Each structure stands twice: as structure tokens, then as C-alpha cells.
file coords_7.pdb (PDB, C-alpha atoms and all ligand atoms)
ATOM      1  CA  MET B  75      95.111 221.050  39.913
ATOM      2  CA  THR B  76      92.826 218.761  37.883
ATOM      3  CA  ALA B  77      89.158 217.886  38.469
ATOM      4  CA  ALA B  78      90.303 214.416  39.565
ATOM      5  CA  ASP B  79      92.413 215.998  42.344
ATOM      6  CA  THR B  80      89.557 218.037  43.765
ATOM      7  CA  GLN B  81      87.178 215.055  43.747
ATOM      8  CA  ALA B  82      89.656 212.637  45.276
ATOM      9  CA  PRO B  83      88.367 211.392  48.620
ATOM     10  CA  GLN B  84      90.249 212.584  51.681
ATOM     11  CA  GLN B  85      92.807 209.938  52.638
ATOM     12  CA  ALA B  86      92.110 209.142  56.298
ATOM     13  CA  ARG B  87      95.145 208.275  58.361
ATOM     14  CA  PRO B  88      95.111 204.661  59.630
ATOM     15  CA  VAL B  89      93.789 204.440  63.177
ATOM     16  CA  ALA B  90      96.356 203.052  65.616
ATOM     17  CA  GLY B  91      95.079 200.220  67.809
ATOM     18  CA  ARG B  92      96.387 201.904  70.951
ATOM     19  CA  THR B  93      94.547 205.148  70.119
ATOM     20  CA  LEU B  94      91.316 203.283  69.355
ATOM     21  CA  ARG B  95      91.600 201.475  72.680
ATOM     22  CA  ASP B  96      92.186 204.753  74.554
ATOM     23  CA  VAL B  97      89.194 206.483  72.938
ATOM     24  CA  CYS B  98      86.913 203.461  73.449
ATOM     25  CA  GLY B  99      88.109 203.482  77.071
ATOM     26  CA  LEU B 100      86.079 206.705  77.501
ATOM     27  CA  PHE B 101      82.939 204.644  76.967
ATOM     28  CA  VAL B 102      82.220 203.376  80.467
ATOM     29  CA  THR B 103      81.166 199.715  80.691
ATOM     30  CA  GLY B 104      80.447 197.044  83.226
ATOM     31  CA  VAL B 105      82.752 194.048  83.520
ATOM     32  CA  THR B 106      81.787 190.419  82.892
ATOM     33  CA  VAL B 107      83.443 187.047  83.094
ATOM     34  CA  ILE B 108      82.300 184.835  80.236
ATOM     35  CA  THR B 109      82.246 181.211  81.350
ATOM     36  CA  SER B 110      81.929 178.168  79.120
ATOM     37  CA  GLY B 111      82.698 174.456  79.016
ATOM     38  CA  THR B 112      81.712 171.769  81.465
ATOM     39  CA  GLY B 113      83.694 169.628  83.913
ATOM     40  CA  GLU B 114      87.443 169.739  83.349
ATOM     41  CA  ALA B 115      87.014 171.907  80.226
ATOM     42  CA  ALA B 116      85.238 174.746  82.091
ATOM     43  CA  ALA B 117      87.001 178.104  81.673
ATOM     44  CA  GLY B 118      86.400 181.838  82.014
ATOM     45  CA  THR B 119      87.667 185.106  80.519
ATOM     46  CA  THR B 120      87.114 188.725  81.597
ATOM     47  CA  VAL B 121      85.229 190.662  78.913
ATOM     48  CA  ASN B 122      83.691 194.144  78.689
ATOM     49  CA  SER B 123      82.460 193.833  75.087
ATOM     50  CA  PHE B 124      79.101 192.466  76.201
ATOM     51  CA  THR B 125      75.898 194.031  74.911
ATOM     52  CA  SER B 126      72.247 193.096  74.718
ATOM     53  CA  VAL B 127      70.974 192.707  71.150
ATOM     54  CA  SER B 128      67.299 191.704  71.006
ATOM     55  CA  LEU B 129      64.384 191.174  73.373
ATOM     56  CA  GLU B 130      62.282 189.016  70.970
ATOM     57  CA  PRO B 131      64.051 186.613  70.648
ATOM     58  CA  PRO B 132      66.293 187.291  73.700
ATOM     59  CA  LEU B 133      69.781 187.719  72.219
ATOM     60  CA  VAL B 134      73.057 189.072  73.601
ATOM     61  CA  LEU B 135      76.592 189.212  72.240
ATOM     62  CA  PHE B 136      80.216 189.567  73.254
ATOM     63  CA  CYS B 137      83.461 189.866  71.274
ATOM     64  CA  LEU B 138      86.359 187.522  71.965
ATOM     65  CA  HIS B 139      89.939 187.812  70.721
ATOM     66  CA  ASN B 140      90.634 185.083  68.179
ATOM     67  CA  GLU B 141      93.635 183.878  70.174
ATOM     68  CA  SER B 142      91.653 183.524  73.396
ATOM     69  CA  ARG B 143      91.762 180.076  74.943
ATOM     70  CA  LEU B 144      88.023 180.427  75.563
ATOM     71  CA  ARG B 145      87.213 180.571  71.854
ATOM     72  CA  SER B 146      87.396 176.816  71.154
ATOM     73  CA  VAL B 147      85.653 176.108  74.469
ATOM     74  CA  VAL B 148      82.660 178.274  73.459
ATOM     75  CA  GLU B 149      82.575 176.766  69.957
ATOM     76  CA  THR B 150      82.795 173.173  71.253
ATOM     77  CA  THR B 151      80.278 173.665  74.073
ATOM     78  CA  GLY B 152      77.792 175.699  72.025
ATOM     79  CA  ALA B 153      76.877 177.616  75.169
ATOM     80  CA  TYR B 154      78.229 180.315  77.466
ATOM     81  CA  ALA B 155      77.255 182.326  80.500
ATOM     82  CA  VAL B 156      77.735 186.061  81.023
ATOM     83  CA  ASN B 157      78.521 186.900  84.656
ATOM     84  CA  PHE B 158      78.146 190.611  85.564
ATOM     85  CA  LEU B 159      80.751 191.342  88.221
ATOM     86  CA  ALA B 160      79.984 193.264  91.407
ATOM     87  CA  SER B 161      82.267 196.085  92.599
ATOM     88  CA  HIS B 162      83.985 193.853  95.191
ATOM     89  CA  GLN B 163      85.028 191.385  92.437
ATOM     90  CA  GLU B 164      88.007 193.331  91.069
ATOM     91  CA  LYS B 165      90.331 190.424  91.945
ATOM     92  CA  THR B 166      88.060 188.036  90.028
ATOM     93  CA  ALA B 167      88.174 190.355  86.991
ATOM     94  CA  LEU B 168      91.988 190.389  87.096
ATOM     95  CA  ALA B 169      92.241 186.649  87.777
ATOM     96  CA  PHE B 170      90.372 185.915  84.524
ATOM     97  CA  ALA B 171      92.283 188.519  82.498
ATOM     98  CA  GLY B 172      95.859 187.319  82.930
ATOM     99  CA  LYS B 173      98.138 185.371  80.592
ATOM    100  CA  SER B 174      97.293 182.240  82.552
ATOM    101  CA  THR B 175      93.703 182.830  83.584
ATOM    102  CA  ALA B 176      92.297 181.427  86.821
ATOM    103  CA  ALA B 177      90.619 178.021  86.964
ATOM    104  CA  ILE B 178      86.864 177.960  87.464
ATOM    105  CA  THR B 179      87.527 175.775  90.514
ATOM    106  CA  ASP B 180      89.291 178.800  92.118
ATOM    107  CA  VAL B 181      85.947 180.635  92.483
ATOM    108  CA  ALA B 182      82.516 179.746  93.872
ATOM    109  CA  HIS B 183      80.357 178.504  91.014
ATOM    110  CA  HIS B 184      77.391 176.317  90.146
ATOM    111  CA  ALA B 185      75.983 174.816  86.945
ATOM    112  CA  SER B 186      73.476 176.757  84.865
ATOM    113  CA  VAL B 187      70.738 175.182  82.729
ATOM    114  CA  THR B 188      73.209 174.451  79.888
ATOM    115  CA  GLY B 189      75.704 172.854  82.297
ATOM    116  CA  VAL B 190      78.076 175.817  81.862
ATOM    117  CA  PRO B 191      79.279 177.242  85.195
ATOM    118  CA  VAL B 192      77.895 180.467  86.647
ATOM    119  CA  LEU B 193      79.928 182.462  89.180
ATOM    120  CA  SER B 194      77.872 182.294  92.376
ATOM    121  CA  ASP B 195      78.968 185.742  93.661
ATOM    122  CA  ALA B 196      78.259 187.665  90.464
ATOM    123  CA  LEU B 197      75.745 190.529  90.495
ATOM    124  CA  ALA B 198      73.691 188.831  87.771
ATOM    125  CA  PHE B 199      74.096 186.179  85.089
ATOM    126  CA  LEU B 200      72.712 185.209  81.667
ATOM    127  CA  SER B 201      73.079 181.608  80.524
ATOM    128  CA  CYS B 202      73.033 181.359  76.724
ATOM    129  CA  ARG B 203      72.902 178.912  73.860
ATOM    130  CA  LEU B 204      75.338 179.913  71.101
ATOM    131  CA  VAL B 205      73.288 180.788  68.003
ATOM    132  CA  ASN B 206      75.782 182.593  65.769
ATOM    133  CA  ALA B 207      79.433 183.563  65.429
ATOM    134  CA  PHE B 208      80.549 186.388  63.144
ATOM    135  CA  ASP B 209      83.970 187.437  61.938
ATOM    136  CA  GLY B 210      84.942 190.679  63.647
ATOM    137  CA  GLY B 211      88.516 191.287  62.477
ATOM    138  CA  ASP B 212      90.885 190.014  65.169
ATOM    139  CA  HIS B 213      87.827 189.181  67.326
ATOM    140  CA  THR B 214      84.850 186.848  66.909
ATOM    141  CA  ILE B 215      81.365 188.116  67.734
ATOM    142  CA  PHE B 216      79.441 185.422  69.616
ATOM    143  CA  VAL B 217      75.662 185.824  69.669
ATOM    144  CA  GLY B 218      73.727 183.800  72.234
ATOM    145  CA  GLU B 219      70.085 183.176  73.029
ATOM    146  CA  VAL B 220      69.375 183.707  76.716
ATOM    147  CA  LEU B 221      67.875 180.523  78.210
ATOM    148  CA  GLU B 222      68.198 181.375  81.899
ATOM    149  CA  LEU B 223      68.984 184.482  83.924
ATOM    150  CA  GLY B 224      69.271 185.497  87.531
ATOM    151  CA  VAL B 225      70.152 188.374  89.823
ATOM    152  CA  PRO B 226      71.593 186.658  92.892
ATOM    153  CA  ARG B 227      73.222 189.869  94.256
ATOM    154  CA  GLN B 228      70.586 192.494  93.422
ATOM    155  CA  SER B 229      71.606 194.973  96.133
ATOM    156  CA  GLN B 230      75.294 195.112  95.140
ATOM    157  CA  GLU B 231      77.004 197.737  93.006
ATOM    158  CA  PRO B 232      78.511 196.837  89.607
ATOM    159  CA  LEU B 233      82.219 196.731  88.813
ATOM    160  CA  ILE B 234      82.930 199.279  86.091
ATOM    161  CA  PHE B 235      85.709 199.850  83.536
ATOM    162  CA  PHE B 236      86.690 203.384  82.511
ATOM    163  CA  ARG B 237      89.911 204.862  81.080
ATOM    164  CA  GLY B 238      91.611 201.481  81.532
ATOM    165  CA  PHE B 239      90.787 201.280  85.250
ATOM    166  CA  LEU B 240      88.476 199.016  87.192
ATOM    167  CA  GLY B 241      86.383 200.706  89.863
ATOM    168  CA  ALA B 242      83.031 201.268  91.493
ATOM    169  CA  LEU B 243      80.338 203.845  90.828
ATOM    170  CA  GLU B 244      80.816 206.821  93.139
ATOM    171  CA  GLU B 245      77.128 207.445  93.372
ATOM    172  CA  GLU B 246      73.955 206.092  91.865
ATOM    173  CA  PRO B 247      73.339 207.835  88.539
ATOM    174  CA  ARG B 248      70.275 210.045  88.969
ATOM    175  CA  GLY B 249      69.050 210.670  85.443
ATOM    176  CA  VAL B 250      66.809 213.587  84.644
ATOM    177  CA  HIS B 251      65.495 211.940  81.490
ATOM    178  CA  PRO B 252      63.564 208.663  81.581
ATOM    179  CA  ILE B 253      65.024 205.878  79.402
ATOM    180  CA  PHE B 254      62.749 204.902  76.531
ATOM    181  CA  ASP B 255      61.488 201.353  76.612
ATOM    182  CA  GLY B 256      62.515 199.412  73.484
TER     183      GLY B 256
HETATM  184  C1  LIG Y   1      88.210 195.018  81.897
HETATM  185  C2  LIG Y   1      88.676 194.061  80.833
HETATM  186  C3  LIG Y   1      87.895 193.855  79.698
HETATM  187  C4  LIG Y   1      88.285 192.967  78.687
HETATM  188  N1  LIG Y   1      87.480 192.769  77.612
HETATM  189  C5  LIG Y   1      87.820 191.867  76.674
HETATM  190  C6  LIG Y   1      86.936 191.599  75.579
HETATM  191  O1  LIG Y   1      85.866 192.179  75.463
HETATM  192  N2  LIG Y   1      87.321 190.650  74.676
HETATM  193  C7  LIG Y   1      88.516 189.974  74.777
HETATM  194  O2  LIG Y   1      88.798 189.125  73.925
HETATM  195  N3  LIG Y   1      89.382 190.217  75.796
HETATM  196  C8  LIG Y   1      89.049 191.127  76.753
HETATM  197  N4  LIG Y   1      89.885 191.375  77.800
HETATM  198  C9  LIG Y   1      91.188 190.705  77.818
HETATM  199  C10 LIG Y   1      91.114 189.237  78.280
HETATM  200  O3  LIG Y   1      90.495 189.138  79.544
HETATM  201  C11 LIG Y   1      92.560 188.693  78.348
HETATM  202  O4  LIG Y   1      93.157 188.806  77.077
HETATM  203  C12 LIG Y   1      92.659 187.277  78.837
HETATM  204  O5  LIG Y   1      94.005 187.073  79.187
HETATM  205  C13 LIG Y   1      92.294 186.290  77.760
HETATM  206  O6  LIG Y   1      92.519 185.012  78.328
HETATM  207  P1  LIG Y   1      92.113 183.687  77.539
HETATM  208  O7  LIG Y   1      93.091 183.498  76.435
HETATM  209  O8  LIG Y   1      92.191 182.605  78.575
HETATM  210  O9  LIG Y   1      90.702 183.891  77.050
HETATM  211  C14 LIG Y   1      89.509 192.257  78.819
HETATM  212  C15 LIG Y   1      90.306 192.456  79.970
HETATM  213  C16 LIG Y   1      89.895 193.339  80.954
HETATM  214  C17 LIG Y   1      90.742 193.511  82.187
END
call {"tool": "encode", "arguments": {"input": "coords_7.pdb", "output": "C-alpha cells"}}
result
Amino acid sequence: MTAADTQAPQQARPVAGRTLRDVCGLFVTGVTVITSGTGEAAAGTTVNSFTSVSLEPPLVLFCLHNESRLRSVVETTGAYAVNFLASHQEKTALAFAGKSTAAITDVAHHASVTGVPVLSDALAFLSCRLVNAFDGGDHTIFVGEVLELGVPRQSQEPLIFFRGFLGALEEEPRGVHPIFDG
């Protein structure tokens, strides 16, 4: 064995997409429908890759598959809305996750400040102006500035995604540690 052998970095095995998806499926998330476009062009896609980014300025992001039909709609419109689904909206989540996703006209909706539709029965919504798009491998990371928000269904439970299943919280999480602010 030579010195070069002992110093050679460990060759990690390539991570299979299916395995990565299964492990990431252990990270419980809420479920959103991202809506974009106006009039006839309005469209929506079910997404769980939403996260908040910054409070000052107010920024959020989501990741969209590069082959998604919504991609060009978001880029053309320069705006999108994030609709947090409530636990009773499992059918809505599935309707916007199929090969031929539902039409916005199939669900109750109204225009947000940017003109992009907001799902009227969602737990909460954030209406955003697109400020940046980053390459994220086979996805694009869309960063938006929040211009308007609302919680029209405050008392309802969220729809959650865990281990590849949609469901509801069984009980309110009762944390023993307070969440830090910031
Ligand atoms: C719970 C759940 C979460 C999803 N999250 C994402 C996501 O974060 N990004 C994404 O591109 N697709 C996600 N999908 C898949 C899209 O909803 C699906 O590929 C849809 O058919 C895309 O349609 P489109 O081409 O009209 O956008 C998710 C699906 C489900 C059911």
C-alpha cells in the first residue's frame, strides 16, 4: 500500500433518487398548491418543497421540477401564490399532482394582489413577486417576495405529507421547548 492509497478520499456510492426520496420522506412537511398565471393561463401544482427564507425582506422559496408545466407560467407571470392546504383538502392535493393537473376553474379561487389566483379554501396563503430563480439540478428554486398574505381558515388543521402519504395531524404538537424567535 502506498501513501497515495491511504490518503485517497473514500469513494462514496452514488445516492439513488428513490432512496433519497424515501429518506427525505421522513421529514414531515405541510402540503401547498403553488398557483400562478392569470385568466386562461392560470395553473396550479402540488408542492411540498416550500420553505420560508427571510423575514427582512420577506422571502420564501419552493422547488419546481424543470419539466413542470407551471415553470413557464411562473417565469412569464413573474408572480406566484403559495396555498397551504388544510387537512380536508387531500383531493385538491391529488388533483394538482396528476399527469394532467386540475384546472384552477375546478376549485374555488379569487385573485390576489398580483392577479394570481389564491385557493379560497386553503388554510393560509402567501402571494409573491418572483425575485430570483436558481438552478437546482433537475429542479428550479423560485424565490419570491411576499406582497400579501392571509389566513382565511385559521381554525383548520394542516394537510401533512410523511413517508409518501398525505394525512392529518393526530394531535396538536405540544412542545416542551419554546421555539426561538429569529
Ligand atoms: C405531496 C406532494 C408534494 C410534491 N412536491 C413537489 C415539489 O416540491 N416540486 C415538484 O416539482 N413537484 C412536486 N410534486 C409533484 C407534482 O405535483 C407533480 O409532478 C405534478 O404532476 C406536476 O404537474 P405540472 O407539470 O402541471 O406542474 C409533489 C406531489 C405531491 C403529491
call {"tool": "resolve_selection", "arguments": {"input": "coords_7.pdb", "expression": "the PyMOL selection byres (((not hetatm)) within 10 of (chain Y and resi 1))", "output": "PyMOL selection string"}}
result
chain B and resi 99+103-109+117-124+136-147+164+166-177+212-215+233-236+238-241
call {"tool": "resolve_selection", "arguments": {"input": "coords_7.pdb", "expression": "the PyMOL selection byres (((chain B and resi 220) around 6) and not hetatm)", "output": "PDB file with C-alpha atoms, in the coordinates of the input"}}
result
ATOM      1  CA  PRO B 132      66.293 187.291  73.700  1.00  0.00           C
ATOM      2  CA  SER B 201      73.079 181.608  80.524  1.00  0.00           C
ATOM      3  CA  CYS B 202      73.033 181.359  76.724  1.00  0.00           C
ATOM      4  CA  GLU B 219      70.085 183.176  73.029  1.00  0.00           C
ATOM      5  CA  LEU B 221      67.875 180.523  78.210  1.00  0.00           C
ATOM      6  CA  GLU B 222      68.198 181.375  81.899  1.00  0.00           C
TER       7      GLU B 222
END
call {"tool": "closest_residue", "arguments": {"input": "coords_7.pdb", "among": "B:Pro131, B:Pro191, B:Pro88, B:Pro226", "to": "Val156 of chain B", "atoms": "all atoms listed in the file"}}
result
B:Pro191
call {"tool": "atom_distance", "arguments": {"input": "coords_7.pdb", "atom1": "atom CA of Gly224 of chain B", "atom2": "atom CA of His251 of chain B"}}
result
27.4 Å
call {"tool": "atom_distance", "arguments": {"input": "coords_7.pdb", "atom1": "atom CA of Leu223 of chain B", "atom2": "atom CA of Val192 of chain B"}}
result
10.1 Å
call {"tool": "residues_around", "arguments": {"input": "coords_7.pdb", "residues": "Leu135 of chain B", "least_positions_apart": "3", "cutoff": "7 Å", "atoms": "only C-alpha atoms", "output": "list in words"}}
result
Phe124, Thr125, Ser126, Val127, Ile215, Phe216, Val217 and Gly218 of chain B
call {"tool": "atom_distance", "arguments": {"input": "coords_7.pdb", "atom1": "atom CA of Val148 of chain B", "atom2": "atom CA of Val205 of chain B"}}
result
11.1 Å
call {"tool": "resolve_selection", "arguments": {"input": "coords_7.pdb", "expression": "the PyMOL selection byres (((chain B and resi 193) around 7) and not hetatm)", "output": "list in words"}}
result
Asn157, Ala182, His183, His184, Pro191, Val192, Ser194, Asp195 and Ala196 of chain B
call {"tool": "closest_residue", "arguments": {"input": "coords_7.pdb", "among": "B:Thr112, B:Ser128, B:Gln85, B:Gln228", "to": "Ser186 of chain B", "atoms": "all atoms listed in the file"}}
result
B:Thr112
call {"tool": "closest_residue", "arguments": {"input": "coords_7.pdb", "among": "B:Ala160, B:Leu197, B:Val97, B:Ser110", "to": "Val225 of chain B", "atoms": "all atoms listed in the file"}}
result
B:Leu197
call {"tool": "closest_residue", "arguments": {"input": "coords_7.pdb", "among": "B:Ser161, B:Cys98, B:Leu129, B:Phe199", "to": "Ser229 of chain B", "atoms": "all atoms listed in the file"}}
result
B:Ser161
